[in-house]
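K.L.:
Coordinates in query12.csv, CSV, C-alpha atoms, are listed below.
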```csv
chain,number,residue,atom,x,y,z
A,23,MET,CA,176.3,195.3,42.1
A,24,GLN,CA,177.7,198.1,40.0
A,25,SER,CA,175.5,201.0,39.2
A,26,LYS,CA,175.8,204.4,37.6
A,27,PHE,CA,175.7,206.1,41.0
A,28,ASP,CA,178.7,204.2,42.4
A,29,GLU,CA,180.7,207.4,42.4
A,30,LEU,CA,178.1,209.3,44.5
A,31,GLU,CA,179.4,209.3,48.0
A,32,ILE,CA,178.9,211.8,50.8
A,33,THR,CA,182.4,212.9,51.5
A,34,ALA,CA,184.1,215.9,53.2
A,35,TRP,CA,184.7,217.6,49.9
A,36,ASP,CA,183.2,217.6,46.4
A,37,PRO,CA,184.7,219.5,43.4
A,38,ILE,CA,181.3,220.9,42.4
A,39,TYR,CA,179.5,221.4,45.7
A,40,GLY,CA,182.4,222.2,47.9
A,41,LYS,CA,182.6,221.2,51.6
A,42,LEU,CA,179.6,219.0,52.3
A,43,ILE,CA,177.6,218.8,55.5
A,44,GLN,CA,176.6,215.2,55.9
A,45,GLU,CA,173.4,215.7,58.0
A,46,VAL,CA,172.1,218.4,55.6
A,47,ALA,CA,172.7,216.2,52.5
A,48,LEU,CA,170.9,213.3,54.1
A,49,ASN,CA,168.0,215.4,55.1
A,50,SER,CA,167.4,216.6,51.5
A,51,CYS,CA,168.2,213.2,50.1
A,52,TYR,CA,165.6,211.4,52.2
A,53,ASP,CA,163.0,214.1,51.5
A,54,ARG,CA,163.5,213.7,47.8
A,55,MET,CA,163.5,209.9,48.0
A,56,ILE,CA,160.2,209.9,49.8
A,57,HIS,CA,158.6,212.0,47.1
A,58,HIS,CA,160.1,209.8,44.4
A,59,PHE,CA,159.2,206.4,45.9
A,60,PHE,CA,156.0,207.2,47.9
A,61,PRO,CA,153.9,209.6,45.8
A,62,HIS,CA,150.9,207.5,46.9
A,63,ALA,CA,151.4,208.5,50.5
A,64,THR,CA,148.4,210.3,52.1
A,65,MET,CA,148.4,214.0,52.3
A,66,ALA,CA,148.7,213.8,56.1
A,67,MET,CA,151.8,211.7,55.8
A,68,GLN,CA,153.3,213.9,53.2
A,69,LYS,CA,152.8,216.9,55.5
A,70,LYS,CA,154.5,215.1,58.3
A,71,VAL,CA,157.5,214.5,56.1
A,72,SER,CA,157.6,218.1,54.9
A,73,ASP,CA,157.2,219.5,58.4
A,74,PHE,CA,160.1,217.2,59.7
A,75,LYS,CA,162.4,218.3,56.9
A,76,LEU,CA,161.7,221.9,57.5
A,77,SER,CA,162.2,221.6,61.2
A,78,LEU,CA,165.7,220.1,60.6
A,79,ARG,CA,166.5,222.7,58.0
A,80,LYS,CA,165.6,225.5,60.5
A,81,GLN,CA,168.0,223.9,63.0
A,82,PHE,CA,170.7,223.6,60.3
A,83,LEU,CA,170.4,227.3,59.4
A,84,ASN,CA,171.4,228.2,62.9
A,85,GLU,CA,174.4,225.9,62.8
A,86,PHE,CA,175.9,226.2,59.3
A,87,ASP,CA,176.9,228.6,56.6
A,88,LYS,CA,174.0,229.2,54.3
A,89,PHE,CA,176.0,228.6,51.1
A,90,GLN,CA,177.4,225.3,52.4
A,91,LEU,CA,173.9,224.3,53.5
A,92,GLU,CA,172.4,225.0,50.1
A,93,GLN,CA,175.2,223.1,48.3
A,94,SER,CA,174.8,220.2,50.6
A,95,GLU,CA,171.1,220.1,50.0
A,96,LEU,CA,171.7,220.1,46.2
A,97,TYR,CA,174.1,217.2,46.6
A,98,GLY,CA,171.6,215.2,48.5
A,99,ILE,CA,169.0,215.8,45.9
A,100,LYS,CA,171.4,214.7,43.2
A,101,ILE,CA,172.0,211.4,44.9
A,102,ALA,CA,168.2,210.8,45.3
A,103,ASP,CA,167.6,211.6,41.7
A,104,GLU,CA,170.4,209.2,40.5
A,105,ILE,CA,169.0,206.4,42.7
A,106,PHE,CA,165.5,206.9,41.3
A,107,GLU,CA,166.9,206.8,37.7
A,108,PHE,CA,168.7,203.6,38.6
A,109,SER,CA,165.5,202.1,40.0
A,110,LYS,CA,163.9,202.5,36.6
A,111,LEU,CA,166.1,199.7,35.3
A,112,ASP,CA,164.1,197.2,37.3
A,113,ARG,CA,161.0,196.8,35.3
A,114,VAL,CA,159.3,194.7,38.0
A,115,GLY,CA,160.3,196.5,41.1
A,116,HIS,CA,160.1,200.1,40.0
A,117,GLN,CA,157.0,201.8,41.2
A,118,ALA,CA,155.4,198.5,41.9
A,119,PHE,CA,153.0,200.1,44.3
A,120,ALA,CA,151.0,201.2,41.2
A,121,PHE,CA,150.4,197.6,40.1
A,122,ASN,CA,150.4,195.3,43.1
A,123,PHE,CA,147.8,193.0,41.6
A,124,ASP,CA,147.8,191.3,38.2
A,125,GLN,CA,144.2,190.9,37.1
A,126,ASP,CA,145.3,188.4,34.4
A,127,TYR,CA,147.5,186.2,36.6
A,128,SER,CA,146.1,182.6,37.0
A,129,PRO,CA,147.9,180.5,39.6
A,130,ALA,CA,148.6,176.8,39.0
A,131,MET,CA,145.6,174.6,40.0
A,132,GLY,CA,145.6,171.2,41.6
A,133,ASP,CA,145.8,169.3,44.9
A,134,GLY,CA,147.6,171.4,47.6
A,135,LYS,CA,147.8,174.5,45.4
A,136,TRP,CA,146.9,177.9,46.8
A,137,VAL,CA,143.6,179.5,45.8
A,138,SER,CA,142.4,183.0,46.6
A,139,LEU,CA,139.5,183.1,48.9
A,140,ASP,CA,138.2,186.5,47.9
A,141,SER,CA,137.7,188.5,44.7
A,142,MET,CA,141.1,190.1,44.9
A,143,PRO,CA,143.8,188.8,42.5
A,144,ALA,CA,147.1,187.5,43.7
A,145,LEU,CA,149.5,190.1,45.4
A,146,LEU,CA,152.7,190.7,43.5
A,147,PRO,CA,152.9,187.4,41.6
A,148,HIS,CA,155.8,188.6,39.5
A,149,TRP,CA,157.9,190.1,42.3
A,150,GLY,CA,160.3,187.1,42.2
A,151,ASN,CA,161.6,188.6,38.9
A,152,ALA,CA,162.7,191.9,40.5
A,153,LYS,CA,166.4,192.7,40.8
A,154,LEU,CA,168.7,191.2,43.5
A,155,PHE,CA,171.4,193.4,45.0
A,156,ILE,CA,173.8,191.0,46.8
A,157,THR,CA,172.5,187.5,46.6
A,158,ASP,CA,173.8,184.9,44.1
A,159,THR,CA,171.0,182.4,43.4
A,160,ALA,CA,173.7,179.9,42.3
A,161,PHE,CA,174.7,179.5,46.0
A,162,VAL,CA,171.5,180.6,47.9
A,163,HIS,CA,168.3,178.9,47.3
A,164,VAL,CA,165.0,177.9,48.9
A,165,ASN,CA,164.6,174.2,49.9
A,166,PRO,CA,161.4,172.5,48.7
A,167,PRO,CA,158.5,172.1,51.2
A,168,ILE,CA,157.3,168.9,52.7
A,169,GLU,CA,155.5,166.7,50.2
A,170,PHE,CA,151.9,167.6,50.1
A,171,SER,CA,149.3,165.0,51.3
A,172,ASN,CA,145.7,164.9,52.5
A,173,ASP,CA,146.5,161.6,54.3
A,174,ARG,CA,145.9,161.9,58.1
A,175,SER,CA,149.1,160.0,58.8
A,176,SER,CA,151.3,162.3,56.7
A,177,GLU,CA,153.9,164.8,57.8
A,178,PHE,CA,151.9,167.5,56.0
A,179,PHE,CA,148.7,166.7,57.9
A,180,ALA,CA,150.7,166.9,61.1
A,181,GLN,CA,151.8,170.4,60.2
A,182,ALA,CA,148.2,171.5,59.8
A,183,PHE,CA,147.0,169.7,62.8
A,184,GLU,CA,149.5,171.6,64.9
A,185,LEU,CA,148.0,174.9,63.9
A,186,PHE,CA,144.5,173.6,64.7
A,187,ASN,CA,145.6,172.6,68.2
A,188,LEU,CA,147.3,175.9,68.8
A,189,SER,CA,144.2,177.8,68.0
A,190,HIS,CA,141.7,175.9,70.2
A,191,PRO,CA,141.8,177.8,72.4
A,192,ILE,CA,144.5,180.4,71.8
A,193,SER,CA,145.9,182.0,74.9
A,194,GLU,CA,145.9,185.7,75.5
A,195,GLU,CA,149.7,185.7,75.4
A,196,ARG,CA,149.8,184.0,72.0
A,197,ARG,CA,147.0,186.3,70.7
A,198,TRP,CA,149.1,189.3,71.8
A,199,ILE,CA,152.2,187.9,70.0
A,200,ALA,CA,150.2,187.1,66.9
A,201,GLU,CA,148.7,190.5,66.5
A,202,PHE,CA,151.8,192.4,67.8
A,203,TRP,CA,153.9,191.0,64.9
A,204,SER,CA,151.2,190.7,62.3
A,205,ASP,CA,151.6,193.9,60.2
A,206,ASP,CA,148.9,192.6,57.9
A,207,PHE,CA,146.3,195.3,58.6
A,208,HIS,CA,146.1,197.2,55.3
A,209,GLY,CA,145.8,201.0,55.9
A,210,VAL,CA,146.6,200.6,59.6
A,211,THR,CA,150.1,199.2,59.9
A,212,PHE,CA,153.3,199.3,57.8
A,213,CYS,CA,154.3,196.0,56.1
A,214,ALA,CA,156.4,193.2,57.6
A,215,VAL,CA,159.5,194.4,55.9
A,216,SER,CA,159.5,198.0,57.1
A,217,ARG,CA,158.7,196.7,60.6
A,218,TRP,CA,162.4,196.0,61.0
A,219,ILE,CA,163.2,199.5,59.9
A,220,SER,CA,161.0,200.6,62.7
A,221,ILE,CA,162.8,198.3,65.1
A,222,LEU,CA,166.2,199.7,64.1
A,223,ILE,CA,165.0,203.3,64.5
A,224,GLN,CA,163.6,202.5,68.0
A,225,PHE,CA,166.8,200.7,69.0
A,226,ALA,CA,168.9,203.7,68.0
A,227,GLU,CA,166.6,206.0,70.0
A,228,GLN,CA,166.7,203.8,73.1
A,229,ASN,CA,170.4,203.1,73.0
A,230,ASN,CA,173.6,205.0,72.5
A,231,VAL,CA,174.1,204.2,68.8
A,232,LYS,CA,176.8,205.9,66.8
A,233,LYS,CA,175.6,207.5,63.6
A,234,GLU,CA,178.2,205.5,61.6
A,235,GLN,CA,176.6,202.3,63.0
A,236,LEU,CA,173.2,203.5,62.1
A,237,TYR,CA,174.1,204.3,58.5
A,238,GLU,CA,175.7,200.9,58.1
A,239,ALA,CA,172.6,199.1,59.5
A,240,PHE,CA,170.2,201.0,57.3
A,241,LEU,CA,172.2,200.2,54.2
A,242,LYS,CA,172.7,196.5,54.9
A,243,LEU,CA,169.1,196.1,56.0
A,244,GLY,CA,167.9,197.7,52.8
A,245,LEU,CA,170.1,195.4,50.6
A,246,ALA,CA,169.2,192.2,52.5
A,247,LEU,CA,165.4,192.9,52.9
A,248,ASN,CA,165.2,193.6,49.1
A,249,ASP,CA,166.8,190.3,48.3
A,250,VAL,CA,164.8,188.4,50.9
A,251,THR,CA,161.6,189.7,49.4
A,252,VAL,CA,162.5,188.8,45.8
A,253,MET,CA,163.6,185.2,46.7
A,254,VAL,CA,160.6,184.6,49.0
A,255,TRP,CA,158.1,185.8,46.4
A,256,ALA,CA,159.8,183.8,43.7
A,257,SER,CA,159.4,180.7,45.8
A,258,LYS,CA,155.9,181.4,46.9
A,259,TYR,CA,154.6,181.5,43.4
A,260,PHE,CA,156.9,178.6,42.3
A,261,TYR,CA,155.6,176.2,44.9
A,262,ASN,CA,152.2,177.8,45.1
A,263,MET,CA,151.6,176.1,48.5
A,264,GLU,CA,148.1,176.0,49.9
A,265,ARG,CA,147.4,178.1,53.0
A,266,PRO,CA,146.4,176.4,56.2
A,267,ASP,CA,142.9,177.7,56.3
A,268,THR,CA,141.7,175.8,53.2
A,269,TYR,CA,143.6,172.7,54.2
A,270,ILE,CA,142.2,172.6,57.7
A,271,LYS,CA,138.7,173.2,56.6
A,272,ARG,CA,138.9,170.4,54.1
A,273,ASN,CA,140.6,167.8,56.3
A,274,ILE,CA,140.1,168.7,60.0
A,275,ASN,CA,137.3,171.1,60.7
A,276,LYS,CA,135.1,172.9,58.1
A,277,ASN,CA,134.3,175.7,60.6
A,278,TRP,CA,137.9,176.5,61.5
A,279,GLU,CA,139.1,180.1,60.9
A,280,PRO,CA,142.6,181.7,61.3
A,281,LEU,CA,142.9,184.4,63.9
A,282,HIS,CA,142.9,187.0,61.2
A,283,HIS,CA,142.4,187.2,57.4
A,284,THR,CA,144.9,185.1,55.4
A,285,PRO,CA,147.2,187.1,53.1
A,286,ASN,CA,146.4,186.9,49.4
A,287,PHE,CA,149.4,184.9,48.2
A,288,PRO,CA,150.8,181.4,48.6
A,289,ALA,CA,152.2,180.1,51.9
A,290,TYR,CA,155.7,178.7,51.4
A,291,PRO,CA,158.0,180.1,52.7
A,292,SER,CA,157.0,182.6,55.4
A,293,GLY,CA,158.0,186.2,54.4
A,294,HIS,CA,157.7,187.3,58.1
A,295,ALA,CA,160.2,184.7,59.3
A,296,THR,CA,162.6,185.4,56.5
A,297,PHE,CA,162.6,189.2,56.9
A,298,GLY,CA,163.1,188.8,60.7
A,299,ALA,CA,166.0,186.3,60.4
A,300,ALA,CA,167.8,188.5,57.8
A,301,ALA,CA,167.3,191.7,59.7
A,302,GLY,CA,168.3,190.1,63.0
A,303,GLU,CA,171.6,188.8,61.7
A,304,ILE,CA,172.6,192.2,60.5
A,305,LEU,CA,171.6,193.9,63.7
A,306,LYS,CA,173.4,191.3,65.8
A,307,SER,CA,176.6,191.8,63.7
A,308,ILE,CA,176.6,195.6,64.4
A,309,PHE,CA,175.1,195.9,67.9
A,310,GLY,CA,175.5,192.4,69.4
A,311,ASN,CA,172.8,190.1,70.4
A,312,LYS,CA,172.3,191.0,74.1
A,313,ILE,CA,170.3,194.2,73.9
A,314,ARG,CA,167.5,196.2,75.5
A,315,ILE,CA,164.6,197.3,73.4
A,316,THR,CA,160.9,197.9,73.8
A,317,ASP,CA,159.2,197.7,70.4
A,318,LYS,CA,156.5,200.4,70.4
A,319,SER,CA,155.7,200.1,66.7
A,320,HIS,CA,151.9,199.7,67.3
A,321,GLU,CA,151.3,201.2,70.7
A,322,ASP,CA,148.8,203.7,69.4
A,323,ASN,CA,146.7,201.2,67.4
A,324,LYS,CA,143.4,200.2,68.8
A,325,GLU,CA,142.3,197.8,66.0
A,326,PHE,CA,144.4,195.0,67.5
A,327,ILE,CA,146.8,194.2,70.4
A,328,GLY,CA,149.7,196.5,69.7
A,329,THR,CA,150.8,196.8,73.4
A,330,PRO,CA,154.7,197.2,73.4
A,331,ARG,CA,156.8,194.2,74.1
A,332,SER,CA,160.4,194.3,75.5
A,333,PHE,CA,163.2,192.1,74.5
A,334,SER,CA,166.8,191.3,75.7
A,335,SER,CA,168.1,189.8,72.5
A,336,PHE,CA,167.6,190.0,68.8
A,337,ASP,CA,167.4,186.2,68.7
A,338,ASP,CA,164.3,186.4,70.9
A,339,MET,CA,162.7,188.9,68.5
A,340,ILE,CA,163.6,186.7,65.4
A,341,VAL,CA,162.0,183.6,66.9
A,342,GLU,CA,158.9,185.2,68.3
A,343,ASN,CA,158.3,187.0,65.0
A,344,ALA,CA,158.4,183.7,63.1
A,345,THR,CA,156.3,181.8,65.7
A,346,SER,CA,153.7,184.5,65.6
A,347,ARG,CA,152.6,183.3,62.1
A,348,LEU,CA,151.7,179.9,63.6
A,349,TYR,CA,149.6,181.6,66.3
A,350,LEU,CA,147.9,183.7,63.7
A,351,GLY,CA,147.0,180.5,61.7
A,352,VAL,CA,148.4,181.6,58.4
A,353,HIS,CA,151.6,179.5,58.1
A,354,TYR,CA,152.7,176.0,58.7
A,355,ARG,CA,155.8,175.4,60.8
A,356,MET,CA,157.8,174.4,57.7
A,357,ASP,CA,157.1,177.8,56.2
A,358,CYS,CA,158.6,179.5,59.2
A,359,ASP,CA,161.6,177.1,59.6
A,360,GLU,CA,162.6,177.6,56.0
A,361,GLY,CA,162.2,181.3,56.3
A,362,LEU,CA,164.5,181.4,59.3
A,363,ARG,CA,167.1,179.3,57.5
A,364,LEU,CA,167.0,181.4,54.3
A,365,GLY,CA,166.9,184.7,56.1
A,366,LYS,CA,169.9,183.9,58.2
A,367,ILE,CA,172.0,183.1,55.1
A,368,ILE,CA,171.0,186.3,53.3
A,369,GLY,CA,171.4,188.4,56.5
A,370,MET,CA,174.9,186.9,57.3
A,371,ASN,CA,176.0,187.6,53.7
A,372,ALA,CA,174.8,191.2,54.0
A,373,ALA,CA,176.5,191.6,57.4
A,374,LYS,CA,179.8,190.6,55.9
A,375,LEU,CA,179.8,193.3,53.3
A,376,ASN,CA,182.8,195.5,53.3
A,377,LEU,CA,181.1,198.9,52.7
A,378,THR,CA,184.4,200.6,51.8
A,379,LEU,CA,184.4,198.5,48.6
A,380,LEU,CA,180.9,199.4,47.5
```
I need this file expressed as structure tokens, please.
P.N.:
Amino acid sequence: MQSKFDELEITAWDPIYGKLIQEVALNSCYDRMIHHFFPHATMAMQKKVSDFKLSLRKQFLNEFDKFQLEQSELYGIKIADEIFEFSKLDRVGHQAFAFNFDQDYSPAMGDGKWVSLDSMPALLPHWGNAKLFITDTAFVHVNPPIEFSNDRSSEFFAQAFELFNLSHPISEERRWIAEFWSDDFHGVTFCAVSRWISILIQFAEQNNVKKEQLYEAFLKLGLALNDVTVMVWASKYFYNMERPDTYIKRNINKNWEPLHHTPNFPAYPSGHATFGAAAGEILKSIFGNKIRITDKSHEDNKEFIGTPRSFSSFDDMIVENATSRLYLGVHYRMDCDEGLRLGKIIGMNAAKLNLTLL
């Protein structure tokens, strides 16, 4: 995708700003971006960001010429401002945090269609119209779900019955996996998309990752995860598939409950599964599949089981993340299988990007 900030690239020399210090420019760029895109962050979080920026700046003052440092900071700010202006071209995606719910949106009604179980409107029903960065929908698409049926001999019923059996009773290991990957706790966890940013940061900290590899991974993850979210949300509201909780209560056991509250949007396909598959393909392409990582994303949370889990491959993380949605009781297997398929395609396309041509 071409944009008006294509020419903005952190290089060794810029005719206006002179010799640039990459780390300094990135520090000011990220700080500016956070203030642009997360004005709704809590005061405590904003203070953390400010303190971190200032601690790095203090370190830079001891290492670099003050004039070069200031010019590099201005360059980073310029990049952030240009990106924010470009974001305004996306009328659906830009500052969507301010209008997550559409009070006037009415989902399609009928057999097998999703219905909200609480008073909250649907979450981001128009997100499927946001801009894609690298995905051509003429070649990448979501396959339709299994045909809906209430018949006990149907394949659809078998999908729901699997969840019912998995939950009675649920083992402690499966409960741990379900809660460990959930990222559904509003105000407590980050979202399922940014979970993979957390994983990348932890992997870099726990392994000897070159900064060039880290920059590449961040960029490709951002592009792929954006496109995954847009395509998944477009499909969720297109198919408007009923969630397992209402289906199981109607057809199997009226007293059944998922392990945790069902997200307030349709089922098919699974966002979690798609995010993980896309991110995993990118991380494998840069770092290889056989790895060592302990994911400590939620180790300090007490509201659920956030005990760290260790992995020896990205494939293990991808599959466990997708399967966790079955254990949680919020997705059918078909949701997760299609998410894994779609995410792999988008992730592989992002992994193949030649960044020197962007």
K.L.:
Identify, on the basis of only C-alpha atoms, every residue whose closest approach to A:Leu154 does not exceed 12 Å; exclude the query and any residue fewer than 5 positions from it along the same chain; express the result as an MDAnalysis selection string.
P.N.:
chainID A and resid 23:24 109 112 114:115 149 159 162 244:254 256 368
K.L.:
Find the residues near stretch 165-180 of chain A: any atom within 8 Å, counting only C-alpha atoms, skip ones fewer than 5 places away on the same chain, and give them as an mmCIF file with C-alpha atoms, keeping the file's coordinate frame.
P.N.:
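Wrote it out as selection-v7.cif, contents follow:
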```cif
data_model
loop_
_atom_site.group_PDB
_atom_site.id
_atom_site.type_symbol
_atom_site.label_atom_id
_atom_site.label_comp_id
_atom_site.auth_asym_id
_atom_site.auth_seq_id
_atom_site.Cartn_x
_atom_site.Cartn_y
_atom_site.Cartn_z
ATOM 1 C CA GLY A 134 147.600 171.400 47.600
ATOM 2 C CA TYR A 261 155.600 176.200 44.900
ATOM 3 C CA ASN A 273 140.600 167.800 56.300
ATOM 4 C CA TYR A 290 155.700 178.700 51.400
ATOM 5 C CA MET A 356 157.800 174.400 57.700
ATOM 6 C CA ASP A 357 157.100 177.800 56.200
ATOM 7 C CA GLU A 360 162.600 177.600 56.000
#
```
K.L.:
Would you compute the distance between atom CA of A:Ile340 and atom CA of A:Gly369? Give it in Å to one decimal.
P.N.:
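A separation of 12.0 Å between them.
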K.L.:
When you look at A:Ser72 with a cut-off of 12 Å (counting only C-alpha atoms), what residues show up, excluding the ones that are within fewer than 2 positions of it in the same chain? I need them as a VMD selection string.
P.N.:
chain A and resid 49 to 50 52 to 54 56 to 57 65 to 70 74 to 79
K.L.:
Quick one: pull the distance between atom CA of A:Val71 and atom CA of A:Ala301, Å, one decimal.
P.N.:
25.1 Å
K.L.:
Need to verify the contact set: stretch 325-330 of chain A, 7 Å, only C-alpha atoms, exclusion of same-chain residues closer than 6 positions in sequence. Can you return it as a list in words?
P.N.:
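Those residues are Trp198, Glu201, Phe202, Thr316, Asp317 and Lys318 of chain A.
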K.L.:
So what do you get for atom CA of A:Leu185 versus atom CA of A:Ile199, distance-wise?
P.N.:
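So the answer is 15.0 Å.
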K.L.:
Quick one: everything within 12 Å of A:Glu85, counting only C-alpha atoms, minus sequence neighbours fewer than 4 positions away in the same chain. Send it as a list in words.
P.N.:
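Listed by chain and then number, they are Ile43, Glu45, Val46, Leu78, Arg79, Lys80, Gln81, Gln90 and Leu91 of chain A.
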K.L.:
With all atoms listed in the file as the basis for distance, which of A:Ser138, A:Ser216, A:Asn275, A:Gln224 is at the shortest distance from A:His190?
P.N.:
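For A:His190, the nearest of the candidates is A:Asn275.
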K.L.:
Do you know which residues lie at most 12 Å from (170.1, 195.4, 77.2), with coordinates as in the file and all atoms listed in the file counted, and could you write them as a list in words?
P.N.:
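Neighbouring residues, ordered by chain and number, come to Phe225, Gln228, Asn229, Asn230, Phe309, Gly310, Asn311, Lys312, Ile313, Arg314, Ile315, Thr316, Ser332, Phe333, Ser334, Ser335 and Phe336 of chain A.
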K.L.:
Let me make sure I understand: among A:Val352, A:Leu111, A:Ile274, A:Leu241, which one has the smallest atom-to-atom distance to A:Ile304 if we use all atoms listed in the file?
P.N.:
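Ranking A:Val352, A:Leu111, A:Ile274, A:Leu241 by distance to A:Ile304, first place goes to A:Leu241.
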K.L.:
Can you work out which one of A:Ala118, A:Ser128, A:Ile105, A:Ala144 has the shortest atom-to-atom distance to A:Pro61, counting all atoms listed in the file?
P.N.:
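So, comparing all the options, the nearest one is A:Ala118.
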K.L.:
For A:Lys233, which of A:Gln117, A:Gln44, A:Lys306, A:Asp133 is the closest residue, counting only C-alpha atoms?
P.N.:
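Distance minimum relative to A:Lys233 lands on A:Gln44.
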